[in-house]
Structures are given as structure tokens and as C-alpha cells.
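Shown below: work_33.txt, with compact mmCIF, C-alpha atoms.
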# COMPACT_ATOMS: atom_id res chain seq x y z
CA MET A 403 0.00 0.00 0.00
CA MET A 404 1.04 3.60 -0.48
CA GLN A 405 2.97 4.84 2.53
CA ALA A 406 1.52 7.28 5.06
CA LYS A 407 4.26 9.81 4.30
CA GLU A 408 2.89 10.16 0.76
CA PHE A 409 -0.46 11.39 2.10
CA ALA A 410 1.27 13.59 4.69
CA ARG A 411 3.31 15.22 1.92
CA ARG A 412 0.13 15.98 -0.04
CA ARG A 413 -1.56 17.52 3.01
CA LYS A 414 1.49 19.68 3.65
CA ARG A 415 1.40 21.01 0.07
CA LEU A 416 -2.31 21.72 0.28
CA LEU A 417 -2.00 23.45 3.67
CA HIS A 418 0.77 25.64 2.30
CA ALA A 419 -1.29 26.56 -0.77
CA MET A 420 -4.29 27.50 1.41
CA GLY A 421 -2.40 29.82 3.73
CA LYS A 422 -3.35 30.81 7.27
CA GLY A 423 -6.83 31.99 8.07
CA ALA A 424 -8.37 29.21 6.01
CA ILE A 425 -10.12 25.88 6.48
CA ALA A 426 -10.64 23.02 3.99
CA ILE A 427 -13.51 20.56 4.30
CA LEU A 428 -13.39 17.29 2.33
CA PRO A 429 -16.19 14.75 2.74
CA THR A 430 -15.78 11.25 1.36
CA ALA A 431 -18.31 9.53 -0.89
CA ARG A 432 -21.61 8.21 0.41
CA LEU A 433 -22.61 4.58 0.56
CA ALA A 434 -24.86 3.84 -2.42
CA MET A 435 -27.65 1.30 -2.32
CA ARG A 436 -27.75 -1.26 -5.12
CA ASN A 437 -31.15 -2.65 -4.18
CA ARG A 438 -33.03 -2.93 -0.91
CA ASP A 439 -30.54 -4.14 1.75
CA SER A 440 -27.60 -4.50 -0.64
CA GLU A 441 -25.00 -1.78 -1.13
CA TYR A 442 -22.60 -1.16 -3.98
CA PRO A 443 -18.96 -1.79 -2.95
CA PHE A 444 -17.78 1.38 -1.25
CA ARG A 445 -15.10 3.49 -2.90
CA PRO A 446 -13.93 6.69 -1.19
CA ASP A 447 -14.11 10.01 -2.98
CA SER A 448 -10.86 10.45 -4.92
CA ASP A 449 -10.07 13.94 -3.57
CA PHE A 450 -10.73 12.81 -0.01
CA TYR A 451 -8.60 9.69 -0.37
CA TYR A 452 -5.81 11.64 -2.09
CA VAL A 453 -5.14 13.64 1.09
CA THR A 454 -6.08 11.04 3.72
CA GLY A 455 -5.51 7.47 2.53
CA PHE A 456 -8.66 6.67 4.55
CA ALA A 457 -11.04 4.25 2.83
CA GLU A 458 -14.01 4.05 5.24
CA PRO A 459 -17.43 5.66 4.64
CA ASP A 460 -18.90 8.33 6.94
CA ALA A 461 -15.76 10.43 7.12
CA VAL A 462 -14.83 14.10 6.65
CA ALA A 463 -11.32 15.52 6.58
CA VAL A 464 -10.69 19.06 7.84
CA LEU A 465 -7.43 20.95 7.25
CA ILE A 466 -6.67 24.14 9.18
CA PRO A 467 -3.28 25.76 8.48
CA GLY A 468 -1.56 26.93 11.64
CA ARG A 469 -4.02 25.38 14.12
CA PRO A 470 -2.00 25.00 17.35
CA GLN A 471 -3.63 21.70 18.35
CA GLY A 472 -2.88 20.16 14.94
CA GLU A 473 -3.70 21.04 11.35
CA TYR A 474 -5.41 17.79 10.29
CA VAL A 475 -8.72 16.74 11.86
CA LEU A 476 -10.63 13.64 10.81
CA PHE A 477 -14.27 12.92 11.60
CA CYS A 478 -14.96 9.21 11.29
CA ARG A 479 -16.87 6.27 12.77
CA GLU A 480 -16.02 5.12 16.26
CA LYS A 481 -15.07 1.55 17.05
CA ASP A 482 -18.20 -0.59 17.51
CA PRO A 483 -17.71 -4.32 18.23
CA VAL A 484 -21.30 -5.21 17.33
CA ALA A 485 -21.33 -3.28 14.05
CA GLU A 486 -17.91 -4.63 13.13
CA VAL A 487 -19.18 -8.21 13.41
CA TRP A 488 -21.73 -7.40 10.72
CA HIS A 489 -19.89 -4.94 8.47
CA GLY A 490 -16.17 -5.26 9.07
CA ARG A 491 -13.42 -3.60 11.06
CA ARG A 492 -13.17 0.14 11.69
CA ALA A 493 -10.10 2.23 12.38
CA GLY A 494 -11.89 4.21 15.06
CA LEU A 495 -10.67 7.48 16.52
CA GLU A 496 -7.39 6.07 17.79
CA GLY A 497 -6.66 4.38 14.47
CA ALA A 498 -7.41 7.61 12.61
CA CYS A 499 -4.53 9.24 14.48
CA ALA A 500 -2.13 6.32 14.84
CA ARG A 501 -2.52 4.81 11.36
CA TYR A 502 -3.72 7.67 9.20
CA GLY A 503 -1.84 10.65 10.62
CA ALA A 504 -4.73 12.72 11.94
CA ASP A 505 -3.78 15.21 14.67
CA ASP A 506 -7.27 14.94 16.14
CA ALA A 507 -10.18 12.61 15.43
CA PHE A 508 -13.82 13.07 16.45
CA PRO A 509 -16.95 10.95 16.05
CA TYR A 510 -18.71 11.49 12.73
CA GLN A 511 -22.05 11.96 14.48
CA ASP A 512 -20.62 14.87 16.54
CA MET A 513 -19.59 16.88 13.49
CA ASP A 514 -22.47 19.39 13.65
CA GLU A 515 -21.42 20.35 17.19
CA ILE A 516 -17.65 20.44 16.63
CA LEU A 517 -16.91 21.52 13.08
CA PRO A 518 -18.52 25.00 13.27
CA GLY A 519 -16.16 25.79 16.14
CA LEU A 520 -13.20 24.87 13.93
CA MET A 521 -14.46 27.35 11.33
CA GLU A 522 -14.44 30.30 13.75
CA ASN A 523 -11.84 32.94 12.89
CA CYS A 524 -11.29 31.40 9.45
CA ALA A 525 -11.70 33.96 6.69
CA ARG A 526 -11.81 31.46 3.81
CA VAL A 527 -13.52 28.08 3.39
CA PHE A 528 -11.98 25.77 0.79
CA TYR A 529 -14.72 23.42 -0.31
CA ALA A 530 -15.89 21.72 -3.53
CA MET A 531 -19.42 23.08 -3.82
CA GLY A 532 -21.84 21.16 -6.03
CA SER A 533 -20.65 17.58 -5.58
CA ASP A 534 -23.10 16.69 -2.80
CA GLN A 535 -26.15 18.93 -2.46
CA ALA A 536 -27.05 17.65 1.01
CA PHE A 537 -23.54 18.25 2.34
CA ASP A 538 -23.44 21.67 0.64
CA GLN A 539 -26.52 22.61 2.67
CA ARG A 540 -24.87 21.32 5.82
CA VAL A 541 -21.81 23.52 5.27
CA MET A 542 -23.99 26.57 4.64
CA THR A 543 -25.93 25.84 7.82
CA TRP A 544 -22.67 25.90 9.79
CA VAL A 545 -21.57 29.18 8.20
CA ASN A 546 -24.95 30.85 8.68
CA GLY A 547 -25.00 29.72 12.30
CA LEU A 548 -21.66 31.44 12.86
CA ARG A 549 -22.81 34.60 11.12
CA LYS A 550 -25.63 34.93 13.64
CA LYS A 551 -22.96 35.17 16.34
CA ALA A 552 -21.12 38.04 14.65
CA ARG A 553 -22.40 40.58 17.22
CA ALA A 554 -20.86 38.43 19.94
CA GLY A 555 -17.46 38.91 18.33
CA VAL A 556 -17.29 35.67 16.41
CA HIS A 557 -15.35 36.12 13.16
CA THR A 558 -17.04 34.17 10.39
CA PRO A 559 -15.81 33.03 6.97
CA GLY A 560 -16.40 35.66 4.33
CA GLU A 561 -15.15 33.78 1.27
CA PHE A 562 -15.69 30.38 -0.29
CA VAL A 563 -12.83 29.08 -2.46
CA ALA A 564 -13.13 26.16 -4.88
CA LEU A 565 -10.95 23.51 -3.28
CA ASN A 566 -10.78 21.50 -6.48
CA HIS A 567 -8.90 24.31 -8.25
CA ILE A 568 -5.83 23.68 -6.05
CA LEU A 569 -6.29 19.99 -5.39
CA HIS A 570 -6.92 18.95 -8.98
CA ASP A 571 -3.81 20.72 -10.17
CA MET A 572 -1.86 18.77 -7.56
CA ARG A 573 -3.42 15.51 -8.72
CA LEU A 574 -2.51 16.22 -12.35
CA PHE A 575 1.21 15.79 -11.59
CA LYS A 576 1.96 12.24 -10.46
CA SER A 577 4.60 11.49 -7.83
CA SER A 578 6.95 8.51 -8.12
CA ALA A 579 4.66 6.54 -5.80
CA GLU A 580 1.65 7.31 -7.97
CA VAL A 581 3.50 6.37 -11.16
CA ALA A 582 4.50 3.07 -9.54
CA ALA A 583 0.87 2.31 -8.75
CA MET A 584 -0.17 3.22 -12.29
CA ARG A 585 2.54 1.00 -13.74
CA THR A 586 1.16 -1.91 -11.74
CA ALA A 587 -2.39 -1.16 -12.90
CA ALA A 588 -1.11 -1.02 -16.47
CA GLN A 589 0.80 -4.30 -16.20
CA VAL A 590 -2.16 -6.14 -14.69
CA SER A 591 -4.45 -4.69 -17.35
CA ALA A 592 -2.02 -5.69 -20.10
CA GLY A 593 -1.97 -9.29 -18.92
CA ALA A 594 -5.76 -9.31 -18.79
CA HIS A 595 -6.07 -8.08 -22.37
CA VAL A 596 -3.65 -10.71 -23.66
CA ARG A 597 -5.61 -13.36 -21.77
CA ALA A 598 -8.84 -12.13 -23.37
CA MET A 599 -7.31 -12.22 -26.86
CA ARG A 600 -6.23 -15.82 -26.40
CA ALA A 601 -9.64 -16.85 -25.07
CA CYS A 602 -11.72 -15.18 -27.79
CA LYS A 603 -13.43 -17.54 -30.23
CA PRO A 604 -16.49 -17.37 -32.51
CA GLY A 605 -19.65 -18.39 -30.66
CA MET A 606 -18.53 -17.02 -27.31
CA TYR A 607 -20.54 -14.26 -25.70
CA GLU A 608 -19.19 -10.82 -24.98
CA TYR A 609 -19.61 -11.39 -21.26
CA GLU A 610 -17.36 -14.45 -21.44
CA VAL A 611 -14.52 -12.28 -22.70
CA GLU A 612 -15.35 -9.76 -19.98
CA ALA A 613 -15.08 -12.58 -17.42
CA GLU A 614 -11.52 -13.29 -18.56
CA LEU A 615 -10.60 -9.66 -17.94
CA LEU A 616 -12.23 -9.42 -14.52
CA ALA A 617 -10.70 -12.71 -13.37
CA ALA A 618 -7.24 -11.46 -14.25
CA PHE A 619 -7.86 -8.19 -12.40
CA ARG A 620 -9.02 -9.89 -9.20
CA ARG A 621 -6.27 -12.52 -9.23
CA ASN A 622 -3.77 -9.67 -9.14
CA GLY A 623 -5.39 -7.70 -6.33
CA CYS A 624 -7.19 -5.21 -8.54
CA LEU A 625 -10.74 -4.15 -9.33
CA ASN A 626 -12.03 -2.89 -12.66
CA ALA A 627 -11.47 0.86 -12.91
CA TYR A 628 -14.72 1.27 -14.89
CA ASN A 629 -17.39 -0.88 -16.51
CA PRO A 630 -15.65 -2.80 -19.31
CA ILE A 631 -16.71 -2.28 -22.91
CA VAL A 632 -16.74 -5.58 -24.81
CA GLY A 633 -18.46 -4.96 -28.14
CA GLY A 634 -18.50 -7.36 -31.07
CA GLY A 635 -19.54 -6.52 -34.63
CA ASP A 636 -21.80 -3.48 -34.82
CA ASN A 637 -21.51 -3.05 -31.03
CA SER A 638 -17.90 -2.01 -31.60
CA CYS A 639 -19.31 1.21 -33.09
CA ILE A 640 -21.09 2.19 -29.84
CA LEU A 641 -18.55 4.22 -27.89
CA HIS A 642 -19.78 3.41 -24.38
CA TYR A 643 -21.40 0.03 -25.01
CA THR A 644 -21.58 -1.93 -21.72
CA GLU A 645 -24.39 -4.46 -22.15
CA ASN A 646 -21.79 -7.08 -23.13
CA ASN A 647 -24.48 -9.73 -23.74
CA GLN A 648 -24.29 -10.62 -27.43
CA ALA A 649 -22.76 -13.62 -29.21
CA LEU A 650 -19.49 -13.08 -31.09
CA ASP A 651 -19.83 -13.91 -34.76
CA ASP A 652 -17.17 -15.35 -37.03
CA GLY A 653 -15.85 -12.57 -39.26
CA ASP A 654 -16.58 -9.70 -36.87
CA LEU A 655 -14.23 -7.49 -34.92
CA LEU A 656 -14.27 -7.25 -31.12
CA LEU A 657 -13.49 -3.96 -29.38
CA VAL A 658 -12.42 -4.35 -25.74
CA ASP A 659 -11.97 -1.28 -23.53
CA ALA A 660 -11.05 -2.28 -19.98
CA GLY A 661 -8.62 -1.30 -17.25
CA ALA A 662 -7.71 -2.36 -13.73
CA GLU A 663 -7.62 -0.15 -10.66
CA TYR A 664 -4.70 -0.71 -8.29
CA GLN A 665 -4.53 1.15 -4.97
CA TYR A 666 -7.13 3.58 -6.37
CA TYR A 667 -5.13 4.30 -9.55
CA ALA A 668 -6.55 3.37 -12.94
CA ALA A 669 -5.36 1.93 -16.21
CA ASP A 670 -7.37 2.40 -19.41
CA ILE A 671 -6.64 0.19 -22.41
CA THR A 672 -8.51 -0.50 -25.63
CA ARG A 673 -7.64 -3.17 -28.14
CA THR A 674 -9.59 -4.31 -31.20
CA TYR A 675 -9.13 -7.72 -32.81
CA PRO A 676 -10.88 -10.23 -35.06
CA VAL A 677 -13.15 -12.71 -33.32
CA ASN A 678 -11.77 -15.56 -35.46
CA GLY A 679 -8.15 -14.44 -35.10
CA ARG A 680 -7.66 -13.18 -38.67
CA PHE A 681 -8.34 -9.67 -39.98
CA SER A 682 -10.21 -9.37 -43.25
CA ALA A 683 -8.69 -7.04 -45.85
CA ALA A 684 -11.16 -4.24 -45.01
CA GLN A 685 -10.71 -4.70 -41.25
CA ARG A 686 -6.94 -4.67 -41.63
CA ALA A 687 -7.04 -1.45 -43.68
CA ILE A 688 -9.04 0.39 -41.03
CA TYR A 689 -7.03 -1.14 -38.20
CA ASP A 690 -3.67 -0.14 -39.69
CA LEU A 691 -4.96 3.38 -40.26
CA VAL A 692 -6.04 3.78 -36.62
CA LEU A 693 -2.72 2.35 -35.43
CA ALA A 694 -0.81 4.81 -37.62
CA ALA A 695 -2.87 7.66 -36.15
CA GLN A 696 -2.20 6.46 -32.62
CA LEU A 697 1.54 6.21 -33.17
CA ALA A 698 1.57 9.71 -34.67
CA ALA A 699 -0.35 11.02 -31.66
CA ILE A 700 1.95 9.33 -29.14
CA GLU A 701 4.91 10.91 -30.93
CA GLN A 702 3.45 14.30 -29.98
CA VAL A 703 3.34 13.50 -26.25
CA ARG A 704 6.41 15.26 -24.90
CA PRO A 705 7.22 18.25 -22.68
CA GLY A 706 6.62 21.60 -24.33
CA ASN A 707 3.92 20.39 -26.68
CA HIS A 708 0.38 21.28 -25.77
CA TRP A 709 -2.61 19.11 -24.99
CA ASN A 710 -4.15 19.33 -28.44
CA ASP A 711 -1.04 18.32 -30.42
CA PRO A 712 -1.71 14.54 -30.20
CA HIS A 713 -5.33 15.07 -31.33
CA THR A 714 -4.25 17.24 -34.27
CA ALA A 715 -1.75 14.59 -35.37
CA ALA A 716 -4.33 11.81 -35.14
CA VAL A 717 -6.95 13.77 -37.08
CA LYS A 718 -4.51 14.45 -39.93
CA VAL A 719 -3.56 10.78 -40.29
CA LEU A 720 -7.14 9.54 -40.02
CA THR A 721 -8.56 12.07 -42.50
CA ARG A 722 -5.89 11.41 -45.10
CA GLY A 723 -6.32 7.68 -44.67
CA LEU A 724 -10.11 7.82 -45.00
CA VAL A 725 -9.71 9.78 -48.23
CA LYS A 726 -7.23 7.24 -49.56
CA LEU A 727 -9.67 4.40 -48.76
CA GLY A 728 -12.49 6.26 -50.50
CA ILE A 729 -14.61 6.59 -47.35
CA LEU A 730 -14.23 10.38 -47.33
CA LYS A 731 -14.13 12.40 -50.53
CA GLY A 732 -12.38 15.70 -50.95
CA LYS A 733 -9.13 17.40 -50.01
CA PRO A 734 -7.87 16.42 -46.53
CA ALA A 735 -7.21 20.03 -45.46
CA ALA A 736 -10.76 21.08 -46.30
CA LEU A 737 -12.22 17.97 -44.66
CA ILE A 738 -10.27 18.67 -41.49
CA LYS A 739 -11.41 22.29 -41.47
CA SER A 740 -15.07 21.27 -41.89
CA GLU A 741 -14.63 18.40 -39.39
CA ALA A 742 -16.06 15.93 -41.91
CA TYR A 743 -14.00 13.23 -40.19
CA ARG A 744 -16.28 13.49 -37.14
CA ARG A 745 -18.83 11.24 -38.84
CA PHE A 746 -16.38 8.38 -38.28
CA TYR A 747 -14.21 9.80 -35.46
CA MET A 748 -16.41 11.78 -33.09
CA HIS A 749 -14.38 11.89 -29.86
CA ARG A 750 -11.15 13.40 -28.62
CA THR A 751 -7.84 11.55 -28.77
CA GLY A 752 -7.39 11.25 -25.02
CA HIS A 753 -8.01 12.40 -21.47
CA TRP A 754 -6.09 12.75 -18.21
CA LEU A 755 -5.66 9.53 -16.25
CA GLY A 756 -5.05 8.92 -12.54
CA MET A 757 -7.27 8.11 -9.59
CA ASP A 758 -10.26 8.67 -11.86
CA VAL A 759 -10.35 7.17 -15.33
CA HIS A 760 -11.35 10.53 -16.78
CA ASP A 761 -9.09 12.24 -14.30
CA VAL A 762 -9.11 15.80 -13.03
CA GLY A 763 -7.04 18.68 -14.34
CA ASP A 764 -7.61 21.61 -16.67
CA TYR A 765 -7.16 21.04 -20.40
CA LYS A 766 -6.84 24.76 -21.02
CA ILE A 767 -5.25 27.61 -19.09
CA GLY A 768 -7.33 30.62 -20.02
CA ASP A 769 -8.02 30.18 -23.73
CA GLN A 770 -4.78 28.30 -24.44
CA TRP A 771 -4.31 24.53 -24.49
CA ARG A 772 -2.31 23.33 -21.53
CA VAL A 773 1.37 22.60 -22.10
CA LEU A 774 2.42 19.02 -21.37
CA GLU A 775 4.83 18.64 -18.44
CA PRO A 776 6.65 15.70 -16.82
CA GLY A 777 4.45 13.75 -14.41
CA MET A 778 1.23 14.09 -16.38
CA VAL A 779 -0.46 10.88 -17.54
CA LEU A 780 -2.91 10.80 -20.42
CA THR A 781 -4.56 8.30 -22.71
CA VAL A 782 -4.06 8.25 -26.48
CA GLU A 783 -7.05 6.61 -28.18
CA PRO A 784 -7.98 7.44 -31.76
CA GLY A 785 -10.65 5.37 -33.49
CA ILE A 786 -12.82 4.87 -36.55
CA TYR A 787 -16.45 3.71 -36.30
CA ILE A 788 -18.52 2.68 -39.33
CA PRO A 789 -21.83 1.17 -38.18
CA GLU A 790 -24.03 -1.04 -40.30
CA GLY A 791 -26.19 0.94 -42.70
CA SER A 792 -23.77 3.86 -43.08
CA LYS A 793 -25.09 5.76 -46.11
CA GLY A 794 -22.66 6.43 -48.90
CA VAL A 795 -20.12 3.97 -47.52
CA ALA A 796 -19.40 0.64 -49.24
CA LYS A 797 -20.79 -2.35 -47.33
CA LYS A 798 -17.35 -3.90 -46.91
CA TRP A 799 -16.61 -1.17 -44.34
CA TRP A 800 -19.80 -1.67 -42.31
CA ARG A 801 -19.69 -3.13 -38.77
CA ILE A 802 -16.08 -2.03 -38.34
CA GLY A 803 -15.32 -0.17 -35.14
CA VAL A 804 -11.65 0.17 -34.20
CA ARG A 805 -10.13 1.98 -31.22
CA ILE A 806 -6.58 1.56 -29.93
CA GLU A 807 -5.82 3.11 -26.56
CA ASP A 808 -2.71 3.31 -24.40
CA ASP A 809 -1.72 5.15 -21.23
CA VAL A 810 1.21 7.53 -21.67
CA LEU A 811 3.36 9.22 -19.01
CA VAL A 812 5.04 12.50 -19.91
CA THR A 813 8.71 12.25 -18.92
CA ARG A 814 11.54 14.77 -18.89
CA LYS A 815 12.85 13.57 -22.25
CA GLY A 816 9.62 12.52 -23.95
CA SER A 817 7.10 9.92 -22.93
CA GLU A 818 6.68 6.38 -21.63
CA VAL A 819 3.85 4.12 -22.79
CA LEU A 820 2.82 2.44 -19.54
CA THR A 821 0.61 -0.09 -21.35
CA ARG A 822 3.18 -1.18 -23.92
CA ASP A 823 2.92 -4.85 -22.89
CA VAL A 824 -0.32 -5.30 -24.84
CA PRO A 825 0.51 -6.11 -28.48
CA LYS A 826 -1.20 -3.90 -31.04
CA GLY A 827 0.40 -4.72 -34.38
CA ALA A 828 -2.05 -6.69 -36.52
CA ARG A 829 0.41 -9.55 -37.08
CA GLU A 830 1.25 -9.68 -33.38
CA ILE A 831 -2.42 -9.96 -32.51
CA GLU A 832 -3.01 -12.69 -35.05
CA ALA A 833 -0.02 -14.62 -33.71
CA ILE A 834 -1.37 -14.44 -30.14
CA MET A 835 -4.82 -15.61 -31.25
CA ALA A 836 -3.57 -18.42 -33.48
CA PRO A 837 -4.76 -21.91 -32.35

Could you render the structure from this file as C-alpha cells?
Amino acid sequence: MMQAKEFARRRKRLLHAMGKGAIAILPTARLAMRNRDSEYPFRPDSDFYYVTGFAEPDAVAVLIPGRPQGEYVLFCREKDPVAEVWHGRRAGLEGACARYGADDAFPYQDMDEILPGLMENCARVFYAMGSDQAFDQRVMTWVNGLRKKARAGVHTPGEFVALNHILHDMRLFKSSAEVAAMRTAAQVSAGAHVRAMRACKPGMYEYEVEAELLAAFRRNGCLNAYNPIVGGGDNSCILHYTENNQALDDGDLLLVDAGAEYQYYAADITRTYPVNGRFSAAQRAIYDLVLAAQLAAIEQVRPGNHWNDPHTAAVKVLTRGLVKLGILKGKPAALIKSEAYRRFYMHRTGHWLGMDVHDVGDYKIGDQWRVLEPGMVLTVEPGIYIPEGSKGVAKKWWRIGVRIEDDVLVTRKGSEVLTRDVPKGAREIEAIMAP
């Protein structure tokens, strides 16, 4: 597991950025009911976990720069032998301090009595408004309660500051410990994809391929970072297809988008391959085009380039290739300007990656694309999607959806493809899938 000093370092940076006279309030996620008495597996809020390392529900972290009694306060559940028999062990108040570095810990149910007192004499409240409407109201109740005491000399907060503005910029730059976790997630995910390729056969169902992925994740101490996309044939042209319940037909392609989560850090990989292990001529033409676009985009991932450079490179390769194949008609420059390619490539070439699959961080600073810097991790995932019935497109291209996605770390000298262990050359794929 990630060491406690990693979380302490993050809190120190955040406290410094806040400055004295401030308070930060970070609630974790709520338990969500799946149905009746059954809950979804709990996962802490990413921002909360980033600064605490605390994975229990019913918890709120409070940071107060310069507080004499200690700058980090954690509200959490108390130890309860009866409840722990039913629902598992709790850290309790002592564990919150001894194991998770809190300077003070108080019972979660006492928060309404204690937390307003911590807000007194704080001029600024750092809080992510809008994520939880009920908790937003609770925070405002505390502030309004303090304002009523103004005539008694109580100094109340006069400014709310978006906590995510500071925190998400911190999360955008990965430490060595975070990169190590992401490498593990990538390696586990890579092994799972290779396993799925080898298992895939005509007549299987999409969910059987999904089962191969999930089994590999769990055997290596990981969960799935998001709901896997396993789409065969025309389903490969649905960007966020997750039903995964159809039979895989001989002659179709299978698009698999799946990644493991390790220690709350995600991988995100997409591979596309023929169900029967051999690309048809049309499938191979589209596949090689998408691969060429991806390689061109990855080449643009390096310090000093900006966020949009990989997308621009991918669009140029894809548009020219679609013209050459006769799927688009016209001059590539004009087609790019009119965005004609968006009929077959309608999404961006990537997104930030980290604790969340679509991770936090600004893509623009003002009106300018953000410059890539060492420590950032992004996906690179161009694609072409030609669903059945596409008007004006020859039938040989129908039912072909291809996306190739890798996770790329920006380094001081260029980039590192964290997910490089999953083959993506057409011949490599065919060799892996050969009987």
C-alpha cells in the first residue's frame, strides 16, 4: 500500500497553498444502495482519499493551516464491536490518528457540534461546492450559524474558495509513488487483455470475454477501474457500449476497452481484434490506419507540446487515410477544417488519467491549451467507427469499429507508454490468437 508519508506530503502542500486563516472541508463519498438491503462496494471520494488514505465511509477531513492543536482533523466512525461483526473492522478514533496521521479525530455523528467551532476565525472556506447537495446545505448551515454570532465577536468566513482548483492541479502531476501504482495497474491490465485475446473464439458471448478480464484483475489484487466495454460486430461502433451480452460472430471485430484499478489508480486500455483471429482485408485497412494515427499522436506526447497536439496529429492521419480508402471524398485540409471526419471519429484523442479514469485537471489555461509537463499521464485513443447501414459507404466497411488506446506518461525527455505490454500490431495480434 502507499505509505503514510505520501499522504502527509500531499496535506502539507495543500495546507501551504491554502495559507493561514483558512479551512478546507473534504467529505468522502456516500454509501450507495444497489437494491433494498444491498450496497454497492464502497469506494472513497478520490479527492478525499488523495489527502487522507482513509477508505471508510462516513468520514470528513478538515485541514486548518496553523491550528496549534494540529492542522489535520478527521471525523470518522467510532469503534463498535457489534457493528464490526456485521460490516467489518473500523479504524476508530485512535486508528485515525495512529494509522492515518490525523492530529485529532472526532466521532462522525458529533460533526455538527464540533466543526462549526473549527471554522471560527477562518476567513476562507476551501470546499468543492456542487458535488453533494445535502452536504453543501450542511456547510452553509454551519456558516450561517456562525454569522448569527457576529455581534458576539465571532469572526465568520467571508469567502468560499473552490478547493478542487488547487487539489486537482496537484493531482494532475503524479509522484513517483503514484506512477509506480499506475505501472502496476497497467501491467495487470495488459496481462488481462492478452488473456482475453487468447480466449476469444467465434460463438462465445461478450460477457465471457469480460469474465476473462475481470478474473485477471481480481487474481492480481485489482478491481475494474470502470465498466468494461466488450463490443463485437456493430456493437464495436457504440462508444460506451456496456451491455456485453451478445454472441461473437465469425468474421466480426471485437473492441475491448477495460482497465484495472490498483490502490485507487486506474489503467485504461482499448484493443480491437478479429473474433476468429484473422483480420479481413477491409478490417486490416481500417485497423492499420487507426494504429498509424495512434503512433503519430503518441509521438506528440512530450514536454513543451500542448494538450491538443496529439489530437491534431491523429486527425490528420485519419482524415488522409479515409480519403485514400475512398470513405471520405475531398481534399484532406478542407475535410479537417469542416470536421467531416467526425462522422467516423467523433471523440477526442485522449483524457487525463489517474485516480479517476477521466481524471481531473484543466485542459486549457485561459483560452490556451495546456502545455504538457513531466508527471502528467494521459490516454491516447484514436478510433474509426462505421456502423451497419452507413449511407454512402461501401458495405465492406460496415460493422467495423476500431479503437486503440494506451496510457502515456510525460517524462523529462519525452514519454513512456505504460501499457506497452499489450501487443497492437495486426500480425502480433493474429499470432497471439492463433490456435

Please report, as CSV, each residue of stretch 476-527 of chain A lying at most 12 Å from stretch 429-451 of chain A, together with the nearest pair of atoms and the separation in Å rounded to one decimal; use all atoms listed in the file, and order rows by chain and ascending residue number.
residue,atom,partner,partner_atom,distance
A:Leu476,CA,A:Pro429,CA,9.9
A:Phe477,CA,A:Pro429,CA,9.2
A:Cys478,CA,A:Thr430,CA,10.2
A:His489,CA,A:Glu441,CA,11.3
A:Tyr502,CA,A:Tyr451,CA,10.9
A:Tyr510,CA,A:Pro429,CA,10.8
A:Met513,CA,A:Pro429,CA,11.5

Next item on the list: Can you pull out every residue within 10 Å of stretch 695-706 of chain A, counting all atoms listed in the file, but drop anything in the same chain fewer than 3 positions away, and send it as a ChimeraX atom specification?
Entry: /A:689-692,709-721,723,751-752,772-785,805-819

Item checked: Coordinates-based distance that separates atom CA of A:Val762 from atom CA of A:Gln665 (Å, one decimal) ->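 Atom-to-atom, atom CA of A:Gln665 and atom CA of A:Val762 are spaced 17.3 Å apart.
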
Check: Restricting the calculation to all atoms listed in the file, which member of A:Lys422, A:Lys766, A:Lys550, A:Arg491 is positioned closest to A:Asn523?
Finding: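 When distances to A:Asn523 are compared using all atoms listed in the file, the smallest one comes from A:Lys422.
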
Note to self: I'd like to know which of A:Met542, A:Leu727, A:Cys602, A:Leu615 is closest to A:Asp654, using all atoms listed in the file.
What the structure shows: A:Cys602

Next item on the list: Fewer than 4 positions away in the same chain doesn't count, so skip those; otherwise give me all residues within 7 Å of stretch 564-567 of chain A, counting only C-alpha atoms, as a VMD selection string.
Entry: chain A and resid 528 to 530 571
